[in-house]
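Worksheet: the structure to be examined is printed underneath.
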Amino acid sequence: MESQETPLKPFYNNMEKNSSNMIPLTEHSPHKKENVCIFGTGDFGRSLGYKMLQCGYSVVFGSRNAKTSSLIPKGAEVLCHEEAAQKADIVIVAIQRQYYNFLTELTETLHEKVLVDVSNNLKINEYPESNAEYLAQLVPGAKVVKAFNTVSAWALQSGTLDASRQVFVCGDDNKAKQMVMDIVRTLGLTPLDQGSLLAAKEIENYPLQLFPMWKFPIYLSIGLSAFFFFYCLIRDVIYPYIYENKDLSFFVAISIPNRVCPILALILLALVYLPGIIAAILQLHRGTKYSRFPDWLDKWMLCRKQLGLVALAFAFLHVLYTLVIPIRYYVRWRINVYVISQINNNKTDPFNNTNGWISDSYVALGILGFFLFLLLGITSLPSVSNSVNWREFRFVQSKLGYLTLVLCTAHTLVYGGKRFLYPSMYRWYLPAAYMLSLIVPCIVLAIKFVLIFPCIDRPLTQIRQGWERNSKDSEQSHYNDSKSAV
Amino acid sequence: MESQETPLKPFYNNMEKNSSNMIPLTEHSPHKKENVCIFGTGDFGRSLGYKMLQCGYSVVFGSRNAKTSSLIPKGAEVLCHEEAAQKADIVIVAIQRQYYNFLTELTETLHEKVLVDVSNNLKINEYPESNAEYLAQLVPGAKVVKAFNTVSAWALQSGTLDASRQVFVCGDDNKAKQMVMDIVRTLGLTPLDQGSLLAAKEIENYPLQLFPMWKFPIYLSIGLSAFFFFYCLIRDVIYPYIYENKDLSFFVAISIPNRVCPILALILLALVYLPGIIAAILQLHRGTKYSRFPDWLDKWMLCRKQLGLVALAFAFLHVLYTLVIPIRYYVRWRINVYVISQINNNKTDPFNNTNGWISDSYVALGILGFFLFLLLGITSLPSVSNSVNWREFRFVQSKLGYLTLVLCTAHTLVYGGKRFLYPSMYRWYLPAAYMLSLIVPCIVLAIKFVLIFPCIDRPLTQIRQGWERNSKDSEQSHYNDSKSAV
Amino acid sequence: MESQETPLKPFYNNMEKNSSNMIPLTEHSPHKKENVCIFGTGDFGRSLGYKMLQCGYSVVFGSRNAKTSSLIPKGAEVLCHEEAAQKADIVIVAIQRQYYNFLTELTETLHEKVLVDVSNNLKINEYPESNAEYLAQLVPGAKVVKAFNTVSAWALQSGTLDASRQVFVCGDDNKAKQMVMDIVRTLGLTPLDQGSLLAAKEIENYPLQLFPMWKFPIYLSIGLSAFFFFYCLIRDVIYPYIYENKDLSFFVAISIPNRVCPILALILLALVYLPGIIAAILQLHRGTKYSRFPDWLDKWMLCRKQLGLVALAFAFLHVLYTLVIPIRYYVRWRINVYVISQINNNKTDPFNNTNGWISDSYVALGILGFFLFLLLGITSLPSVSNSVNWREFRFVQSKLGYLTLVLCTAHTLVYGGKRFLYPSMYRWYLPAAYMLSLIVPCIVLAIKFVLIFPCIDRPLTQIRQGWERNSKDSEQSHYNDSKSAV
């Protein structure tokens, strides 16, 4: 899975691998494209130059010492910065930000040229202004465009671009931006116009990010997991050790994870639907949808997909942990002991129809819940969610999502059964962990149940269609509005 | 999973959220794009205007009462309809169809302007002609383009566009269409050219559809599920209740679903391959591939993918229902009883090698069948099927598909074993449900087996390459034809 | 799953199906696009012509006998080759390569025209030069463009284009190529510019390929599976048959596959990471990253994704084979016998805490390993890997990948436990198969452990950032280099 090779263009890679194949393409190519100058002969500059030569561009390198080394791709010239810049309309600045200041001397040469900033920083928000904006200040006459910073040198060299085919481009000059986007396309990459140079800061931060939308869901689930793990450890391992002197420490491997996982799956799934409910209450209270939600609610709503997928991961682990129960040594031993004790006592437990019903129905509810959960997960794959319309997406994520929550909550309720009545369940006054897990989902479902009453649903729908309780601005609203539910 | 946020553009959303970030982009953006006029200051019109302002357009709203309300996005003017229309070449009509008629008064002003119809209806085929065609009739001199109706106001406001990034565009004037498609691209959406204004009706129906291709497979499977559920209920619950007075009602939760699911998976999988076989027989009979198939066959062939995926869902449920068997209370109780009865009778059942073979081989066949089934499902994900060539797609869907059908049919046959010979299997003269499920797949496999004989396969291949039994038009056929199998 | 229908454009297909709908679109379409001439009235030519007529082009067929047959799409003319070619600027050559030579007579007529070669061959590398280059030699004055060879006639007719929406285009004349790419876009397909006509050979080979990147992983895994299957057969079936006269032949169905699958999953997963380690050692040894790796290593690195996915398939089968253990007749019988023997001997095996720990922890390690493995698999789906940045992709595939390998190796080690010490495990001096499977992963992990020591990691990182041990070319290196790890 490590390879970034797409199956789409196997022959493209064949070309890359066989360098003798490549040379004629470069030399005989009858339609030379425009000249490009690259400042800097470091790894990235060379890789980009190599790729551009392959795609038919004339490449000139600008360097302090204008000597062609063996590392410079064949077919490219190396000149001093000034001479190199004069030869081309586009100058790619493939050097580090701290060396930019020499460019002020070239201001005249670079006047009206397109300067492409490809740099990245080492830390998020390392400098007050983005590298591209800094470059624009240094060389006032040039048209600065930010691009290529998300592409890696290795990917350019090897032609394997799975994770970095997207090139974010921004700049204040539309024509310059268009020229750069054309180059991006010619190199086989996908340009994404991000607007004016103000976006450069975000673009420079982008490749330094590590799953930013996943941070909250993952930290939350680590925190909750730790809490419930120790909670169960106290109830299921330490309590029996102290009171019954039983060493059940091996519960740490499967039994306790198999309590923590379903609890987290259920709570996180409920947390996916909680912000929508809070938003609905806020909108009802305010009588408009045009005032901003508090920041925490906005952030929460934006990471619902990630919360749901983490919940799905826990549900999946719960399924696996449950299915291996019968092959565990401990479980087999306990069943053995039970059978042998029945024999020795010469009695057979009769079949209890209620137990049959409870056991089968909580398992069946769990299976159906997990099935719908998986369906939600598949629908949130980018390629699948792109191929459904808005109404279908809403149907799956809202209707099926709530059905999943109902099934999973019912699964937990039936699993518990009447057990919450037994005093023996309250070890050290601590209720069983599954009871704690029911709090959030039950609250969510109860409020949702209230919200779908017509007397509450009608004003909410109107508000979401743009209606304002305190406004008389009653312009005709658009039909699309019926889809604008949160 | 509810969020429509793509991980691709987290920084884009950061911008959106922080409105103070946004204002400079709007005001300082040095390259103002063309002027756009929006008729209607409803929710959708305002959302679209807000988005367009963000992307550098000058926006003028046309309204009956030309007062700027607090809801109008900052930076946009509000004028009366006529004045607003004069200021721009593109007029977006964000009002409902029933208010269109006032536009006839503006015919002169709107002459040669691009009129963009963004409206939707509440029901499929609500009016005889599409809203866009109606608009074109009302304002004869304008160039009407249909667009944006699949985008929701909420998605435009929040920048979360997972499910509605596709904008279908159609119109009779190519240049006008191109202008609109450029705007769509600038807003970060994907335009899809759907041809002339005749396509507007389909485009208007599109966002009202709810999984149209899934309807037949889902209704069919609901019908078949209900039938087999009651069939099994009669045989497995009601029969023993009447004749043996056993209450097995809890079978409803797992035992009976675990009969219905594999039956449906097998039948639906066979129904995926049946239309191809019918088509082959029709083509052989007619001696040409150029006459149309009957309508039902065409429709059936177009929903084969959906049929297969529903079958996969049933197979997945069957796997889960089967794997939980050993943790069911009923199953554990029965095993207990069996062991205890052996002890009490003081005899041990010897190991039966044939039973070992049958038990293991039907399970193994089922596992391999499910594995291939899952592979087929993964290959039908849009992003995967887009990255294979035609030959590879055919190989997976046809060769692996038939292998899956063979394995699943064999799984069912071996599961049944010799049981169909026992009279006790025919309760109330009803055969076991699994026997019924074998009818369709066995027919499909038998006919397919005949069709791959060379003496039948050769003429069929020729017909599919364009050869006609009754024609003398023997132009050279194209090699691609070898791929044109159904 | 067989259908190639995308859910995206249901209404598009509705149009296609209803031919009466189509005719007005063709006839009334107010903006006729350019004229196109198609040489050859075979199946592919007719299909392409039909599709082009639908999209508003005027189509003229060139044929030896200029008679309109019933097969020619309505609205298209049929003329002799010369007349037809004169009517259009683009001539699509939809005839087989062996009939190309008549085109030399038309050299004058075809001068400066765009000639589109759509042909395929029957075998990879059937001719020394590509069909398109051969065509360019035959008609020197024409601008030859290669395109459409990946599209099938059937897909064009039925509008179902799932697997062949990509059209690879190449040609020496940029303007001609652009014209063809515009047509491709108008037909609703995606053009992919592949550069000069030299790429035609690869483009012609492409549709004949059958999973080229998967060949090595699949052949390797078939070979290894066969070896380990027979190895286990000898140890687990033949040995007990000879020495204990036990017939365990039914082990062939589940027990032996369930040994082979985890072994292959583990070995293949280790083989995903081995080439990276070999590359690191080579780079350290050579002191540079700019010398080519040996060819086998390059090829190996390019199919790592496929190796990993095959490994995941084996791991998945292992999970299924393991989870069905408790429902196997043999396993149930053995447990019965064990219980009854305990009763008869009137003793109860006490619970062994160590066994409890070992049993639970190897299962838990397996579950976690499989879970991460699945995560790696999901991340390598094209649509998912396209939506993460380079740093995230590296994190998942490298960090999580090694964690998966560690967990799976630990799973196998704990499963084995102390068993490797028992002489009874060495039947015919053959160690248990699981021991063999540990060799490669342990080597990989041991070397990787050495490589992450700072004294080795630092120079390696420098080399991968473009630093050369034997060079003085110390230009500033680019920050992106930090991402250029193998």
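Chains: A, B, ... in order of the structure tokens. Residues: from 1 per chain. Ligands: from 1, in order shown.
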**Study point:** Those in range 254-304 of chain C with alpha helix (DSSP H) from DSSP, as an MDAnalysis selection string
**Key:** chainID C and resid 257:286 295:302 304
Exercise for review: With a distance cut-off of 9 Å and only C-alpha atoms, select the neighbouring residues of Tyr273 in chain A, excluding the residue or stretch itself and same-chain residues fewer than 6 positions from it, and output the selection as number ranges by chain.
Suggested key: A: 304, 398, 401-402, 405, 441, 444; B: 2
Taking all heavy atoms for each residue, export the selection above as an mmCIF file, in the first residue's frame.
data_model
loop_
_atom_site.group_PDB
_atom_site.id
_atom_site.type_symbol
_atom_site.label_atom_id
_atom_site.label_comp_id
_atom_site.auth_asym_id
_atom_site.auth_seq_id
_atom_site.Cartn_x
_atom_site.Cartn_y
_atom_site.Cartn_z
ATOM 1 N N ARG A 304 -18.103 16.505 12.327
ATOM 2 C CA ARG A 304 -19.050 15.417 12.558
ATOM 3 C C ARG A 304 -18.713 14.169 11.751
ATOM 4 O O ARG A 304 -18.835 13.046 12.236
ATOM 5 C CB ARG A 304 -20.465 15.874 12.215
ATOM 6 C CG ARG A 304 -21.054 16.783 13.269
ATOM 7 C CD ARG A 304 -22.440 17.210 12.908
ATOM 8 N NE ARG A 304 -22.435 18.077 11.737
ATOM 9 C CZ ARG A 304 -23.522 18.516 11.141
ATOM 10 N NH1 ARG A 304 -24.712 18.153 11.586
ATOM 11 N NH2 ARG A 304 -23.445 19.311 10.106
ATOM 12 N N SER A 398 -28.977 11.697 7.427
ATOM 13 C CA SER A 398 -29.873 12.089 8.500
ATOM 14 C C SER A 398 -30.829 10.964 8.875
ATOM 15 O O SER A 398 -30.820 10.466 9.996
ATOM 16 C CB SER A 398 -30.626 13.356 8.085
ATOM 17 O OG SER A 398 -31.459 13.761 9.122
ATOM 18 N N GLY A 401 -28.902 7.778 9.528
ATOM 19 C CA GLY A 401 -28.054 8.036 10.681
ATOM 20 C C GLY A 401 -28.830 7.927 11.983
ATOM 21 O O GLY A 401 -28.391 7.259 12.925
ATOM 22 N N TYR A 402 -30.010 8.563 12.038
ATOM 23 C CA TYR A 402 -30.815 8.464 13.259
ATOM 24 C C TYR A 402 -31.309 7.041 13.493
ATOM 25 O O TYR A 402 -31.379 6.580 14.640
ATOM 26 C CB TYR A 402 -31.994 9.446 13.206
ATOM 27 C CG TYR A 402 -31.629 10.778 13.799
ATOM 28 C CD1 TYR A 402 -31.423 11.888 13.003
ATOM 29 C CD2 TYR A 402 -31.438 10.906 15.174
ATOM 30 C CE1 TYR A 402 -31.055 13.106 13.554
ATOM 31 C CE2 TYR A 402 -31.076 12.105 15.733
ATOM 32 C CZ TYR A 402 -30.887 13.210 14.923
ATOM 33 O OH TYR A 402 -30.513 14.397 15.483
ATOM 34 N N LEU A 405 -28.579 5.259 15.126
ATOM 35 C CA LEU A 405 -28.480 5.635 16.543
ATOM 36 C C LEU A 405 -29.568 4.943 17.358
ATOM 37 O O LEU A 405 -29.307 4.429 18.463
ATOM 38 C CB LEU A 405 -28.583 7.155 16.686
ATOM 39 C CG LEU A 405 -28.357 7.724 18.078
ATOM 40 C CD1 LEU A 405 -26.996 7.317 18.611
ATOM 41 C CD2 LEU A 405 -28.472 9.240 18.076
ATOM 42 N N PRO A 441 -26.767 9.313 24.173
ATOM 43 C CA PRO A 441 -27.698 8.930 23.099
ATOM 44 C C PRO A 441 -29.163 9.077 23.497
ATOM 45 O O PRO A 441 -29.981 9.500 22.672
ATOM 46 C CB PRO A 441 -27.351 7.465 22.803
ATOM 47 C CG PRO A 441 -26.329 7.058 23.776
ATOM 48 C CD PRO A 441 -25.792 8.243 24.456
ATOM 49 N N VAL A 444 -30.069 12.750 23.231
ATOM 50 C CA VAL A 444 -30.179 13.153 21.821
ATOM 51 C C VAL A 444 -31.487 12.655 21.230
ATOM 52 O O VAL A 444 -32.231 13.408 20.588
ATOM 53 C CB VAL A 444 -28.978 12.616 21.012
ATOM 54 C CG1 VAL A 444 -29.208 12.790 19.524
ATOM 55 C CG2 VAL A 444 -27.696 13.305 21.442
ATOM 56 N N GLU B 2 -21.891 13.139 9.161
ATOM 57 C CA GLU B 2 -22.866 14.051 8.606
ATOM 58 C C GLU B 2 -22.217 15.214 7.900
ATOM 59 O O GLU B 2 -22.777 15.765 6.960
ATOM 60 C CB GLU B 2 -23.770 14.580 9.733
ATOM 61 C CG GLU B 2 -24.711 15.654 9.271
ATOM 62 C CD GLU B 2 -26.106 15.412 9.765
ATOM 63 O OE1 GLU B 2 -26.445 14.266 10.124
ATOM 64 O OE2 GLU B 2 -26.860 16.358 9.796
#
Exercise for review: Quote the spacing between CA of Leu122 in chain B and CA of Phe148 in chain B in Å to one decimal place.
Suggested key: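 Rounded to one decimal, the two atoms are 16.0 Å apart.
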Per residue of range 118-196 of chain C within 10 Å of range 52-74 of chain A, note the shortest atom pair and the distance in Å to one decimal, counting only C-alpha atoms, and order the rows by chain and increasing residue number, as CSV.
residue,atom,partner,partner_atom,distance
C:Gln194,CA,A:Cys55,CA,9.4
C:Gly195,CA,A:Cys55,CA,7.2
C:Ser196,CA,A:Cys55,CA,9.3
Okay, now the selection with N, CA and C atoms, as a PDB file, in the first residue's frame?
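Everything below was put into part_31.pdb:
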ATOM      1  N   GLN C 194      -1.215  12.916 -23.240  1.00  0.00           N
ATOM      2  CA  GLN C 194      -0.079  12.048 -22.978  1.00  0.00           C
ATOM      3  C   GLN C 194       1.184  12.495 -23.702  1.00  0.00           C
ATOM      4  N   GLY C 195       1.184  13.704 -24.281  1.00  0.00           N
ATOM      5  CA  GLY C 195       2.390  14.216 -24.917  1.00  0.00           C
ATOM      6  C   GLY C 195       2.458  13.897 -26.394  1.00  0.00           C
ATOM      7  N   SER C 196       3.670  13.704 -26.906  1.00  0.00           N
ATOM      8  CA  SER C 196       3.877  13.563 -28.348  1.00  0.00           C
ATOM      9  C   SER C 196       3.448  12.186 -28.838  1.00  0.00           C
TER      10      SER C 196
END
Show which residues sit within 12 Å of range 247-249 of chain A, as an mmCIF file with C-alpha atoms, in the first residue's frame. Count only C-alpha atoms, and ignore same-chain residues fewer than 5 positions away.
data_model
loop_
_atom_site.group_PDB
_atom_site.id
_atom_site.type_symbol
_atom_site.label_atom_id
_atom_site.label_comp_id
_atom_site.auth_asym_id
_atom_site.auth_seq_id
_atom_site.Cartn_x
_atom_site.Cartn_y
_atom_site.Cartn_z
ATOM 1 C CA CYS A 232 -13.970 -0.995 33.837
ATOM 2 C CA LEU A 233 -10.597 -1.988 35.255
ATOM 3 C CA ILE A 234 -11.759 -0.945 38.696
ATOM 4 C CA ARG A 235 -15.122 -2.673 38.414
ATOM 5 C CA ASP A 236 -14.098 -5.843 36.586
ATOM 6 C CA VAL A 237 -10.519 -6.536 37.651
ATOM 7 C CA ILE A 238 -9.643 -4.709 40.863
ATOM 8 C CA TYR A 239 -13.005 -5.262 42.617
ATOM 9 C CA PRO A 240 -13.048 -9.071 42.119
ATOM 10 C CA TYR A 241 -9.358 -9.205 43.043
ATOM 11 C CA ILE A 242 -9.999 -7.479 46.365
ATOM 12 C CA ILE A 254 -10.137 -8.485 25.297
ATOM 13 C CA SER A 255 -12.921 -8.276 27.887
ATOM 14 C CA ILE A 256 -12.331 -4.646 28.875
ATOM 15 C CA TYR A 330 -11.334 -18.406 29.134
ATOM 16 C CA PHE C 351 -8.150 -22.446 34.916
ATOM 17 C CA ASN C 352 -4.617 -21.623 33.811
ATOM 18 C CA ASN C 353 -4.035 -17.901 34.090
ATOM 19 C CA THR C 354 -1.036 -17.909 31.747
ATOM 20 C CA GLY C 356 -5.787 -17.061 29.568
ATOM 21 C CA TRP C 357 -3.277 -14.288 29.029
ATOM 22 C CA ILE C 358 -1.661 -15.882 25.984
ATOM 23 C CA ASP C 360 -6.491 -13.352 24.855
ATOM 24 C CA SER C 361 -3.429 -11.317 23.996
#
Practice item. For Ile327 in chain A, list every protein, DNA or RNA residue within 8 Å, evaluated using only C-alpha atoms, and leave out those in the same chain fewer than 3 positions away; present the list as a list in words. Key: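 Once the nearby chain positions are removed, what remains is Val324, Val331 and Arg332 of chain A; Ile325 and Pro326 of chain C.
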